[in-house]
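Next comes data09.cif, a file with mmCIF, C-alpha atoms.
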data_work
loop_
_atom_site.label_atom_id
_atom_site.label_comp_id
_atom_site.auth_asym_id
_atom_site.auth_seq_id
_atom_site.Cartn_x
_atom_site.Cartn_y
_atom_site.Cartn_z
CA MET A 706 60.60 10.29 -28.80
CA THR A 707 64.23 10.16 -27.72
CA CYS A 708 65.91 7.17 -26.20
CA ASP A 709 66.04 8.85 -22.80
CA GLU A 710 62.30 9.36 -22.92
CA ALA A 711 61.51 5.88 -24.20
CA HIS A 712 63.82 4.00 -21.88
CA PRO A 713 61.91 4.37 -18.58
CA LEU A 714 58.65 3.41 -20.31
CA LEU A 715 59.82 0.16 -21.89
CA HIS A 716 58.61 -2.07 -19.10
CA ALA A 717 55.22 -0.37 -18.94
CA TYR A 718 55.05 -0.80 -22.72
CA LEU A 719 55.84 -4.48 -22.39
CA ASP A 720 53.12 -4.82 -19.75
CA ASP A 721 50.59 -3.02 -21.91
CA GLU A 722 50.16 -0.34 -19.27
CA LEU A 723 50.73 2.72 -21.49
CA ASP A 724 48.04 4.81 -23.12
CA ILE A 725 47.73 4.28 -26.86
CA ALA A 726 49.41 7.53 -27.88
CA THR A 727 52.52 6.85 -25.81
CA ALA A 728 52.62 3.21 -26.89
CA LEU A 729 52.59 4.31 -30.53
CA GLN A 730 55.49 6.68 -29.89
CA ILE A 731 57.47 3.81 -28.40
CA GLU A 732 56.67 1.66 -31.41
CA LYS A 733 57.93 4.39 -33.67
CA HIS A 734 61.12 4.70 -31.67
CA LEU A 735 62.00 1.01 -31.47
CA PRO A 736 63.07 0.34 -35.09
CA ASP A 737 65.59 3.21 -34.83
CA CYS A 738 67.09 2.17 -31.52
CA PRO A 739 68.96 -1.12 -31.12
CA LYS A 740 69.64 -0.39 -27.44
CA CYS A 741 65.97 -0.10 -26.51
CA ARG A 742 65.12 -3.10 -28.69
CA LYS A 743 67.68 -5.21 -26.95
CA GLU A 744 66.48 -4.17 -23.54
CA LEU A 745 62.89 -4.89 -24.46
CA GLU A 746 63.81 -8.34 -25.77
CA ALA A 747 65.81 -9.09 -22.66
CA ALA A 748 62.86 -8.03 -20.49
CA GLN A 749 60.58 -10.26 -22.58
CA ALA A 750 62.93 -13.18 -22.09
CA VAL A 751 62.89 -12.63 -18.33
CA GLN A 752 59.12 -12.32 -18.42
CA ARG A 753 58.78 -15.68 -20.15
CA ALA A 754 61.29 -17.26 -17.79
CA VAL A 755 59.25 -16.26 -14.75
CA ALA A 756 55.91 -17.13 -16.37
CA GLN A 757 56.90 -20.68 -17.26
CA PRO A 758 54.45 -23.18 -15.72
CA ALA A 759 57.28 -25.43 -14.49
CA ILE A 760 58.13 -23.05 -11.65
CA TYR A 761 54.58 -22.29 -10.52
CA TYR A 762 53.56 -23.59 -7.10
CA PRO A 763 49.90 -24.65 -7.25
CA ALA A 764 48.18 -25.36 -3.94
CA PRO A 765 48.71 -29.01 -2.89
CA SER A 766 45.46 -30.98 -2.93
CA GLU A 767 45.69 -31.81 0.79
CA LEU A 768 45.81 -28.08 1.58
CA ARG A 769 42.75 -27.60 -0.59
CA ASP A 770 40.88 -30.35 1.26
CA ARG A 771 41.98 -29.11 4.66
CA LEU A 772 40.80 -25.58 3.93
CA ARG A 773 37.47 -26.73 2.57
CA GLN A 774 36.84 -28.57 5.84
CA ALA A 775 38.10 -25.70 7.96
CA ILE A 776 35.83 -23.22 6.19
CA ARG A 777 32.79 -25.42 6.71
CA SER A 778 33.42 -26.14 10.36
CA ASN A 779 34.34 -22.54 11.14
CA ALA A 780 31.46 -21.01 9.24
CA ALA A 781 29.49 -20.15 12.37
CA GLU A 782 32.34 -18.00 13.63
CA ALA A 783 32.05 -15.65 10.72
CA GLU A 784 28.85 -14.11 12.02
CA THR A 785 30.12 -13.34 15.51
CA PRO A 786 32.64 -10.69 16.55
CA PRO A 787 36.22 -11.89 15.97
CA ASN A 788 37.22 -12.01 19.64
CA ALA A 789 34.13 -13.66 21.00
CA GLY A 790 33.73 -15.74 17.89
CA PHE A 791 35.52 -18.83 19.02
CA LEU A 792 33.68 -19.24 22.30
CA MET A 793 30.33 -18.00 21.11
CA ALA A 794 30.17 -20.21 18.10
CA TRP A 795 30.74 -23.33 20.11
CA TRP A 796 28.58 -22.16 22.95
CA LYS A 797 25.61 -21.45 20.73
CA ARG A 798 25.47 -24.91 19.29
CA PRO A 799 26.85 -27.32 21.86
CA MET A 800 24.84 -30.17 20.39
CA ALA A 801 26.84 -30.00 17.22
CA PHE A 802 29.82 -31.58 18.93
CA SER A 803 30.31 -34.74 20.82
CA GLY A 804 30.37 -34.55 24.58
CA LEU A 805 34.02 -35.47 24.66
CA ALA A 806 35.03 -32.70 22.31
CA ALA A 807 33.01 -30.18 24.29
CA ALA A 808 34.59 -31.34 27.54
CA LEU A 809 38.07 -31.12 26.09
CA LEU A 810 37.35 -27.66 24.77
CA LEU A 811 36.10 -26.60 28.19
CA ILE A 812 39.31 -27.79 29.79
CA VAL A 813 41.45 -26.01 27.25
CA VAL A 814 39.45 -22.81 27.58
CA SER A 815 39.47 -22.86 31.36
CA VAL A 816 43.19 -23.50 31.45
CA ALA A 817 43.64 -20.57 29.08
CA LEU A 818 41.35 -18.37 31.15
CA PHE A 819 42.55 -19.21 34.63
CA LEU A 820 46.25 -19.52 33.95
CA PRO A 821 46.95 -16.31 32.08
CA SER A 822 50.58 -16.59 33.14
CA HIS A 823 51.62 -18.25 29.91
CA ALA A 824 53.90 -15.79 28.18
CA PRO A 825 52.74 -14.67 24.73
CA ARG A 826 54.78 -15.90 21.81
CA GLY A 827 55.66 -12.34 20.87
CA GLN A 828 57.28 -11.73 24.23
CA ILE A 829 59.39 -14.89 24.00
CA ASP A 830 60.58 -13.80 20.57
CA GLU A 831 61.31 -10.33 21.87
CA LEU A 832 63.38 -11.70 24.75
CA VAL A 833 65.38 -13.93 22.45
CA ALA A 834 65.86 -11.05 19.98
CA SER A 835 67.08 -8.82 22.77
CA HIS A 836 69.44 -11.52 24.00
CA VAL A 837 70.88 -12.05 20.51
CA ARG A 838 71.22 -8.31 19.96
CA SER A 839 73.12 -8.02 23.23
CA LEU A 840 75.69 -10.46 21.90
CA GLU A 841 76.52 -8.21 18.99
CA ALA A 842 79.56 -6.00 19.42
CA ASP A 843 79.38 -3.17 21.95
CA HIS A 844 75.81 -3.74 22.96
CA LEU A 845 76.24 -6.15 25.84
CA LEU A 846 77.06 -3.74 28.62
CA ASP A 847 76.22 -0.21 29.67
CA VAL A 848 77.98 -0.57 33.00
CA GLN A 849 80.81 -3.02 33.26
CA SER A 850 81.48 -4.25 36.73
CA THR A 851 81.69 -7.49 38.61
CA ASP A 852 80.64 -5.65 41.76
CA GLN A 853 76.95 -5.80 42.56
CA HIS A 854 77.33 -2.61 44.61
CA THR A 855 78.40 -0.77 41.46
CA VAL A 856 75.83 -2.29 39.15
CA LYS A 857 72.77 -1.83 41.35
CA PRO A 858 73.17 1.94 41.97
CA TRP A 859 73.91 2.48 38.28
CA PHE A 860 70.27 1.73 37.49
CA ALA A 861 69.03 4.39 39.93
CA GLY A 862 67.71 7.39 38.02
CA LYS A 863 67.60 5.42 34.77
CA ILE A 864 64.62 3.28 35.66
CA ASP A 865 61.98 3.76 38.32
CA PHE A 866 62.64 0.52 40.14
CA SER A 867 65.61 -1.12 41.79
CA PRO A 868 66.43 -4.54 40.37
CA PRO A 869 67.80 -7.24 42.66
CA VAL A 870 71.50 -7.77 41.93
CA VAL A 871 73.71 -10.55 43.29
CA ASP A 872 77.10 -11.80 42.24
CA LEU A 873 77.35 -15.51 41.68
CA ALA A 874 81.05 -15.67 40.76
CA ALA A 875 81.78 -18.18 43.51
CA GLU A 876 79.14 -20.46 42.05
CA GLY A 877 80.50 -20.23 38.52
CA PHE A 878 78.18 -17.53 37.21
CA PRO A 879 80.20 -14.29 37.46
CA LEU A 880 78.32 -11.00 37.11
CA VAL A 881 79.82 -8.94 34.29
CA GLY A 882 77.60 -5.89 34.27
CA GLY A 883 74.26 -4.30 33.56
CA ARG A 884 72.42 -2.73 30.73
CA LEU A 885 69.27 -0.75 30.14
CA ASP A 886 66.99 -2.49 27.66
CA TYR A 887 63.61 -1.94 26.12
CA LEU A 888 61.06 -4.74 26.06
CA ALA A 889 57.27 -4.90 25.86
CA GLN A 890 57.08 -1.10 25.51
CA LYS A 891 58.96 -0.40 28.70
CA HIS A 892 62.46 0.09 30.01
CA VAL A 893 63.77 -2.94 31.79
CA ALA A 894 66.97 -3.78 33.63
CA ALA A 895 69.23 -6.40 32.12
CA LEU A 896 71.92 -8.07 34.21
CA ILE A 897 74.61 -9.97 32.37
CA TYR A 898 76.23 -13.05 33.76
CA ARG A 899 78.69 -15.46 32.24
CA ARG A 900 78.81 -19.20 32.37
CA ASN A 901 82.14 -20.29 30.90
CA LYS A 902 82.02 -18.83 27.38
CA HIS A 903 78.27 -18.34 27.40
CA VAL A 904 76.30 -15.22 28.21
CA ILE A 905 73.19 -15.17 30.38
CA ASN A 906 70.91 -12.15 30.12
CA LEU A 907 68.62 -11.63 33.10
CA PHE A 908 65.81 -9.22 32.23
CA ILE A 909 64.01 -7.67 35.18
CA TRP A 910 60.96 -5.46 35.51
CA PRO A 911 58.39 -4.87 38.26
CA GLY A 912 55.38 -7.14 38.59
CA GLU A 913 54.44 -10.52 39.95
CA THR A 914 54.57 -13.57 37.76
CA GLU A 915 54.37 -17.33 37.58
CA PRO A 916 57.34 -19.61 36.89
CA GLU A 917 57.67 -20.73 33.31
CA THR A 918 60.27 -22.35 31.11
CA GLU A 919 60.58 -22.05 27.36
CA ALA A 920 62.99 -23.31 24.74
CA THR A 921 63.15 -21.80 21.30
CA GLN A 922 65.68 -21.49 18.47
CA GLY A 923 68.38 -23.06 20.57
CA PHE A 924 67.87 -20.74 23.53
CA ASN A 925 66.50 -21.58 26.95
CA LEU A 926 64.30 -19.14 28.83
CA ILE A 927 63.18 -19.33 32.47
CA ARG A 928 60.76 -16.93 34.09
CA PHE A 929 60.62 -16.52 37.85
CA GLU A 930 59.68 -13.95 40.44
CA CYS A 931 62.15 -12.31 42.79
CA LYS A 932 61.23 -9.60 45.28
CA GLY A 933 58.07 -8.63 43.44
CA MET A 934 59.90 -8.44 40.10
CA THR A 935 59.37 -10.46 36.96
CA CYS A 936 62.67 -11.99 35.91
CA TRP A 937 63.50 -13.73 32.64
CA ALA A 938 66.78 -15.56 32.27
CA VAL A 939 67.77 -16.10 28.62
CA SER A 940 70.80 -18.00 27.42
CA ASP A 941 72.13 -20.71 25.19
CA VAL A 942 73.47 -22.68 28.18
CA ASN A 943 71.59 -25.91 28.68
CA ALA A 944 68.30 -25.94 30.55
CA GLY A 945 69.77 -27.61 33.63
CA GLU A 946 72.51 -25.02 34.04
CA LEU A 947 70.10 -22.16 33.49
CA GLN A 948 67.79 -23.59 36.15
CA GLN A 949 70.79 -23.89 38.47
CA PHE A 950 71.55 -20.23 37.84
CA VAL A 951 67.96 -19.23 38.60
CA ASP A 952 67.91 -21.27 41.83
CA LEU A 953 71.21 -19.75 42.96
CA PHE A 954 70.01 -16.25 42.15
CA LYS A 955 66.85 -16.71 44.18
CA THR A 956 68.53 -18.27 47.24
CA GLN A 957 71.45 -15.81 47.24
CA LYS A 958 69.09 -12.90 46.99
CA ALA A 959 67.02 -14.20 49.87
CA ALA A 960 70.17 -14.71 51.94
CA SER A 961 71.61 -11.27 51.18
CA THR A 962 68.33 -9.61 52.16
CA ARG A 963 68.27 -11.32 55.54
CA SER A 964 71.79 -10.37 56.52
CA MET B 1248 22.29 -13.65 2.63
CA SER B 1249 21.99 -16.79 4.70
CA LEU B 1250 25.00 -18.10 6.52
CA HIS B 1251 25.06 -21.14 4.34
CA ALA B 1252 25.01 -19.10 1.14
CA THR B 1253 27.77 -16.81 2.43
CA THR B 1254 29.93 -19.76 3.37
CA SER B 1255 29.42 -21.41 0.01
CA LYS B 1256 30.24 -18.21 -1.80
CA PHE B 1257 33.36 -17.71 0.28
CA GLU B 1258 34.45 -21.31 -0.18
CA ALA B 1259 34.05 -21.09 -3.93
CA ALA B 1260 35.98 -17.80 -4.11
CA VAL B 1261 38.84 -19.05 -1.93
CA LEU B 1262 39.21 -22.31 -3.80
CA GLU B 1263 39.19 -20.47 -7.12
CA HIS B 1264 42.15 -18.32 -6.06
CA LEU B 1265 43.90 -20.87 -3.87
CA ASP B 1266 46.63 -21.59 -6.42
CA ALA B 1267 47.42 -17.89 -6.71
CA ALA B 1268 47.44 -17.53 -2.92
CA HIS B 1269 49.69 -20.54 -2.43
CA ASN B 1270 52.01 -19.54 -5.25
CA LEU B 1271 52.49 -16.05 -3.79
CA ALA B 1272 52.99 -17.35 -0.25
CA ARG B 1273 55.42 -20.03 -1.44
CA TRP B 1274 57.58 -17.52 -3.32
CA LEU B 1275 57.60 -15.13 -0.39
CA MET B 1276 58.24 -17.68 2.36
CA ARG B 1277 60.55 -19.88 0.23
CA ASN B 1278 59.47 -23.11 1.95
CA ASP B 1279 56.45 -25.41 1.72
CA GLN B 1280 55.44 -25.54 5.36
CA ASP B 1281 55.46 -21.78 5.97
CA ALA B 1282 53.59 -21.23 2.71
CA GLN B 1283 50.82 -23.60 3.77
CA ASP B 1284 50.63 -22.00 7.22
CA VAL B 1285 50.34 -18.58 5.64
CA VAL B 1286 47.57 -19.69 3.28
CA GLN B 1287 45.63 -21.34 6.07
CA GLU B 1288 45.94 -18.35 8.39
CA SER B 1289 45.02 -15.97 5.54
CA CYS B 1290 42.00 -18.06 4.72
CA MET B 1291 40.72 -17.88 8.28
CA LYS B 1292 41.36 -14.13 8.43
CA ALA B 1293 39.53 -13.68 5.15
CA LEU B 1294 36.60 -15.75 6.38
CA ARG B 1295 36.20 -13.55 9.44
CA ALA B 1296 36.44 -10.35 7.40
CA PHE B 1297 34.47 -11.56 4.37
CA ASP B 1298 31.49 -9.35 5.28
CA SER B 1299 33.62 -6.24 4.91
CA LEU B 1300 34.53 -6.97 1.30
CA ARG B 1301 31.19 -5.78 -0.11
CA GLY B 1302 31.58 -6.43 -3.77
CA GLY B 1303 35.26 -5.52 -4.16
CA ASP B 1304 37.68 -7.63 -6.17
CA PHE B 1305 38.02 -10.83 -4.14
CA ARG B 1306 41.30 -11.89 -5.75
CA VAL B 1307 43.03 -8.59 -4.97
CA TRP B 1308 41.61 -8.51 -1.45
CA PHE B 1309 42.56 -12.12 -0.68
CA LEU B 1310 46.06 -11.82 -2.14
CA ALA B 1311 46.62 -8.67 -0.07
CA ILE B 1312 45.79 -10.68 3.05
CA VAL B 1313 48.16 -13.46 1.96
CA ARG B 1314 50.87 -10.93 1.21
CA ASN B 1315 50.52 -9.16 4.57
CA THR B 1316 50.38 -12.42 6.50
CA SER B 1317 53.57 -13.54 4.76
CA PHE B 1318 55.41 -10.33 5.61
CA THR B 1319 54.28 -10.51 9.23
CA LEU B 1320 55.74 -13.98 9.51
CA LEU B 1321 58.91 -13.02 7.64
CA ARG B 1322 59.50 -10.07 9.97
CA ARG B 1323 58.84 -12.22 13.01
CA ASN B 1324 61.33 -14.80 11.80
CA LYS B 1325 63.90 -12.14 11.10
CA ASN B 1326 63.43 -10.42 14.46
CA SER B 1327 63.72 -13.63 16.37
CA GLN B 1328 67.00 -14.28 14.62
CA GLY B 1329 68.12 -10.87 15.79
CA ARG B 1330 68.75 -9.87 12.24
CA ALA B 1331 66.07 -7.25 11.79
CA GLY B 1332 66.58 -5.12 8.75
CA GLU B 1333 68.88 -7.61 7.10
CA GLN B 1334 68.07 -8.02 3.44
CA SER B 1335 65.96 -4.92 3.88
CA LEU B 1336 62.34 -4.94 2.85
CA GLU B 1337 62.91 -1.57 1.25
CA VAL B 1338 64.92 -1.20 -1.90
CA GLY B 1339 65.65 1.94 -3.82
CA GLU B 1340 62.84 2.74 -6.20
CA GLU B 1341 64.95 4.27 -8.95
CA ILE B 1342 65.59 2.38 -12.13
CA ALA B 1343 69.29 1.75 -12.37
CA ALA B 1344 70.41 3.36 -15.60
CA ASP B 1345 73.85 1.80 -15.72
CA CYS B 1346 72.53 -1.74 -15.43
CA GLU B 1347 74.06 -4.12 -17.90
CA ILE B 1348 71.75 -5.41 -20.62
CA TYR B 1349 72.37 -9.04 -21.44
CA ASP B 1350 71.94 -10.83 -24.71
CA PRO B 1351 68.26 -11.83 -24.94
CA GLN B 1352 69.16 -15.13 -26.60
CA ALA B 1353 71.49 -16.05 -23.76
CA ILE B 1354 68.73 -15.31 -21.25
CA VAL B 1355 66.33 -17.56 -23.15
CA ILE B 1356 68.85 -20.40 -23.03
CA ARG B 1357 69.47 -19.99 -19.30
CA ALA B 1358 65.73 -19.71 -18.63
CA ALA B 1359 65.16 -23.23 -19.97
CA ASN B 1360 66.68 -24.46 -16.72
CA ALA B 1361 63.73 -24.23 -14.32
CA ASP B 1362 65.88 -24.84 -11.24
CA LEU B 1363 68.17 -22.00 -12.16
CA VAL B 1364 65.22 -19.66 -12.66
CA ARG B 1365 63.77 -20.71 -9.32
CA ARG B 1366 67.00 -20.01 -7.47
CA ALA B 1367 67.42 -16.68 -9.24
CA ILE B 1368 63.92 -15.53 -8.23
CA ASP B 1369 64.51 -16.74 -4.67
CA ALA B 1370 67.60 -14.56 -4.53
CA LEU B 1371 65.67 -11.36 -5.32
CA PRO B 1372 64.69 -8.98 -2.50
CA GLU B 1373 61.14 -9.69 -1.32
CA VAL B 1374 59.52 -6.55 -2.73
CA LEU B 1375 60.91 -7.20 -6.20
CA ARG B 1376 60.06 -10.89 -5.98
CA GLU B 1377 56.42 -10.34 -5.02
CA THR B 1378 55.92 -7.78 -7.79
CA LEU B 1379 57.34 -10.12 -10.42
CA VAL B 1380 55.28 -13.06 -9.15
CA LEU B 1381 52.05 -11.05 -9.24
CA ARG B 1382 52.78 -9.60 -12.68
CA GLU B 1383 54.32 -12.52 -14.59
CA MET B 1384 52.69 -15.50 -12.91
CA GLU B 1385 49.27 -14.09 -12.05
CA GLY B 1386 49.06 -11.61 -14.91
CA LEU B 1387 47.84 -8.82 -12.63
CA GLY B 1388 47.86 -5.19 -13.79
CA TYR B 1389 49.88 -2.40 -12.15
CA LYS B 1390 46.79 -1.03 -10.43
CA GLU B 1391 45.88 -4.37 -8.86
CA ILE B 1392 49.46 -5.03 -7.82
CA GLY B 1393 49.61 -1.55 -6.28
CA LYS B 1394 46.54 -2.36 -4.21
CA ILE B 1395 47.89 -5.70 -3.02
CA VAL B 1396 51.32 -4.37 -2.14
CA GLY B 1397 50.08 -0.99 -0.93
CA VAL B 1398 52.22 1.25 -3.15
CA PRO B 1399 51.50 3.72 -6.00
CA ILE B 1400 51.43 2.51 -9.60
CA GLY B 1401 54.72 4.29 -10.37
CA THR B 1402 56.41 2.24 -7.69
CA VAL B 1403 55.01 -0.97 -9.16
CA MET B 1404 56.46 0.04 -12.53
CA SER B 1405 59.91 0.79 -11.18
CA ARG B 1406 59.97 -2.36 -9.05
CA LEU B 1407 59.09 -4.47 -12.08
CA ALA B 1408 61.81 -2.83 -14.12
CA ARG B 1409 64.31 -3.34 -11.31
CA GLY B 1410 63.15 -6.89 -10.68
CA ARG B 1411 63.60 -7.86 -14.32
CA MET B 1412 67.03 -6.21 -14.51
CA ARG B 1413 68.17 -7.87 -11.33
CA LEU B 1414 66.83 -11.22 -12.46
CA GLN B 1415 68.74 -10.99 -15.76
CA ALA B 1416 71.92 -10.44 -13.83
CA LEU B 1417 71.15 -13.35 -11.48
CA LEU B 1418 70.33 -15.67 -14.38
CA MET B 1419 73.54 -14.76 -16.15
CA GLU B 1420 75.76 -15.14 -13.08
CA LYS B 1421 78.47 -17.72 -13.62
CA ASP B 1422 78.07 -19.28 -10.20
CA GLN B 1423 74.64 -20.32 -8.98
CA PRO B 1424 72.50 -17.45 -7.79
CA GLY B 1425 71.48 -17.44 -4.16
CA GLU B 1426 74.51 -19.22 -2.84
CA ARG B 1427 76.07 -16.08 -1.45
CA LYS B 1428 73.12 -15.84 0.92
CA SER B 1429 74.07 -18.93 2.81
CA THR B 1430 76.34 -16.77 4.99
CA GLN B 1431 73.20 -15.60 6.79
CA GLU B 1432 72.97 -18.94 8.54
CA GLY B 1433 76.54 -18.95 9.72
CA ASN B 1434 76.30 -15.66 11.53
CA ARG B 1435 74.22 -16.90 14.41
CA ASP B 1436 76.67 -19.64 15.16
CA ASP B 1437 79.41 -17.05 15.42
CA LEU B 1438 77.50 -15.33 18.16
CA ARG B 1439 77.08 -18.33 20.35
#
Starting from the file, give its structure as structure tokens.
Amino acid sequence: MTCDEAHPLLHAYLDDELDIATALQIEKHLPDCPKCRKELEAAQAVQRAVAQPAIYYPAPSELRDRLRQAIRSNAAEAETPPNAGFLMAWWKRPMAFSGLAAALLLIVVSVALFLPSHAPRGQIDELVASHVRSLEADHLLDVQSTDQHTVKPWFAGKIDFSPPVVDLAAEGFPLVGGRLDYLAQKHVAALIYRRNKHVINLFIWPGETEPETEATQGFNLIRFECKGMTCWAVSDVNAGELQQFVDLFKTQKAASTRS
Amino acid sequence: MSLHATTSKFEAAVLEHLDAAHNLARWLMRNDQDAQDVVQESCMKALRAFDSLRGGDFRVWFLAIVRNTSFTLLRRNKNSQGRAGEQSLEVGEEIAADCEIYDPQAIVIRAANADLVRRAIDALPEVLRETLVLREMEGLGYKEIGKIVGVPIGTVMSRLARGRMRLQALLMEKDQPGERKSTQEGNRDDLR
């Protein structure tokens, strides 16, 4: 066996993953080849470095205890379908829990069922990701204009709805342009406003919604409805200023529609 | 099998491999809290799917769940930082031929410093790190690792070779490995 043949197999040899015939060929080659020997020894040294018990992370005992309890109390779920599991398991054996716990659960479940407006975590993350991406060079704007009458028609033909656009320069939130974005598997309109040095992205798509505020990773998010559209304002300005922006947007839009 | 018997069997199996699960999650997530969250979530997923295992290798199956749960969380964290694709999950599969081979004795001396070894492993790309952890710390074979990670055996082999080469270089670096990565944090501040 030549060095070129042996070389790629050294690690598999070290791991005892070669068939006997090939392993024997490597063993024959090694005494003649200082380069392969050195590489094998170096790999062995790395192997021992990684395998040393001092750097292993065993499960903490409180995690072990917590899981043991969780497995026991969740056992009933395992025999029901994953989606229905949570409700069914509790429903089937209501006596197993104190009245208070059952009542609390009922409240939580009914809130979850009857207020489906709470935005999923994934969507919040997607909005923030889109906002951050827009701040990277050359991605902020597709149409640059402070004129709402330029920005609004620009969307026509690119998306199948007409987003509400107002300029709030007089109020300290100048419109800087618009952009086509892609969120939740659909094209959405993004309007870009500035507040001093900060950027506010306003994502808009058709559909009714409930108001909601979120704060995550240093960004504030406010959801509101405007003219049958779902709007999400995302920015790193403080929550009060973002709310001020949202209020102005809604009142200005209402005013401009009346006139 | 009765529900009780299934639960007991599952509990015993999970607790037996809990150290391995936690160790893998901790090396992938690189912090205690995320590692514990991953293990807990994986455990609940495994409990719900335990019926589907049907006599397969529990350790491989459970570690695959831990591995996938970790990567889901890692991707989510990366996306929400707007840095998708940074420190790519994919690395070239070829074995670098021109890689420097270091003096084995010098590696042994450096390896006595557990903190240094820890930082060096942390600085490896995820796919190399997970392969090394499964091979050197859990003693798993190429076939089992391939099943957990979802790649062919040849890829396991080349990742191990690359991981060990890269780790040598990191251990032998004059400055502390991993410190160059701290620039990742600064970038978001620049944007704001």
- Message: Using all atoms listed in the file, I'd like every residue of chain B that has an atom within 7 Å of chain A; please write them out as an NGL selection string.
- Response: :B and (1254 or 1258 or 1265-1266 or 1269-1270 or 1273 or 1287 or 1294-1295 or 1326-1329 or 1348-1351 or 1354-1355 or 1358 or 1361 or 1364-1365 or 1383-1384 or 1404 or 1408 or 1411 or 1415 or 1438)
- Query: Mind pulling up the distance from CA of Thr1319 (chain B) to CA of Val1374 (chain B)?
  - Reply: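 So the answer is 13.6 Å.
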- Task: May I have the residues at most 9 Å from (49.1, -14.7, 4.8) in the file's coordinates, counting all atoms listed in the file, as number ranges by chain?
- Result: B: 1268, 1272, 1282, 1284-1290, 1292, 1309-1320
- Message: Calculated over only C-alpha atoms, which of the candidates A:Leu719, A:Met706, A:Pro879, A:Lys891 has the smallest distance to Lys733 (chain A)?
- Response: A:Met706
- Message: For the provided coordinates, the residues matched by the PyMOL selection byres ((chain B and resi 1413) around 10) should be stated as a list in words.
- Response: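 On this input, the PyMOL selection byres ((chain B and resi 1413) around 10) captures Val751 of chain A; Ala1343, Cys1346, Glu1347, Ala1367, Ile1368, Ala1370, Leu1371, Pro1372, Leu1375, Leu1407, Ala1408, Arg1409, Gly1410, Arg1411, Met1412, Leu1414, Gln1415, Ala1416, Leu1417, Leu1418 and Met1419 of chain B.
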- Query: Taking all atoms listed in the file into account, which of A:Val881, A:Leu729, A:Ala894, A:Leu846 comes nearest Ala861 (chain A)?
  - Reply: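 Counting all atoms listed in the file, the residue closest to Ala861 (chain A) is A:Ala894.
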- Between A:Phe929, A:Phe866, A:Tyr898, A:Phe908, single out the one closest to Asp886 (chain A), counting all atoms listed in the file. A:Phe908
- Message: Can you spell out as a ChimeraX atom specification the set of residues that the PyMOL selection byres ((chain A and resi 938) around 7) selects in the structure I just provided?
- Response: /A:905-908,926-928,936-937,939-940
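Between CA of Phe950 (chain A) and CA of Glu876 (chain A) the separation is 8.7 Å.
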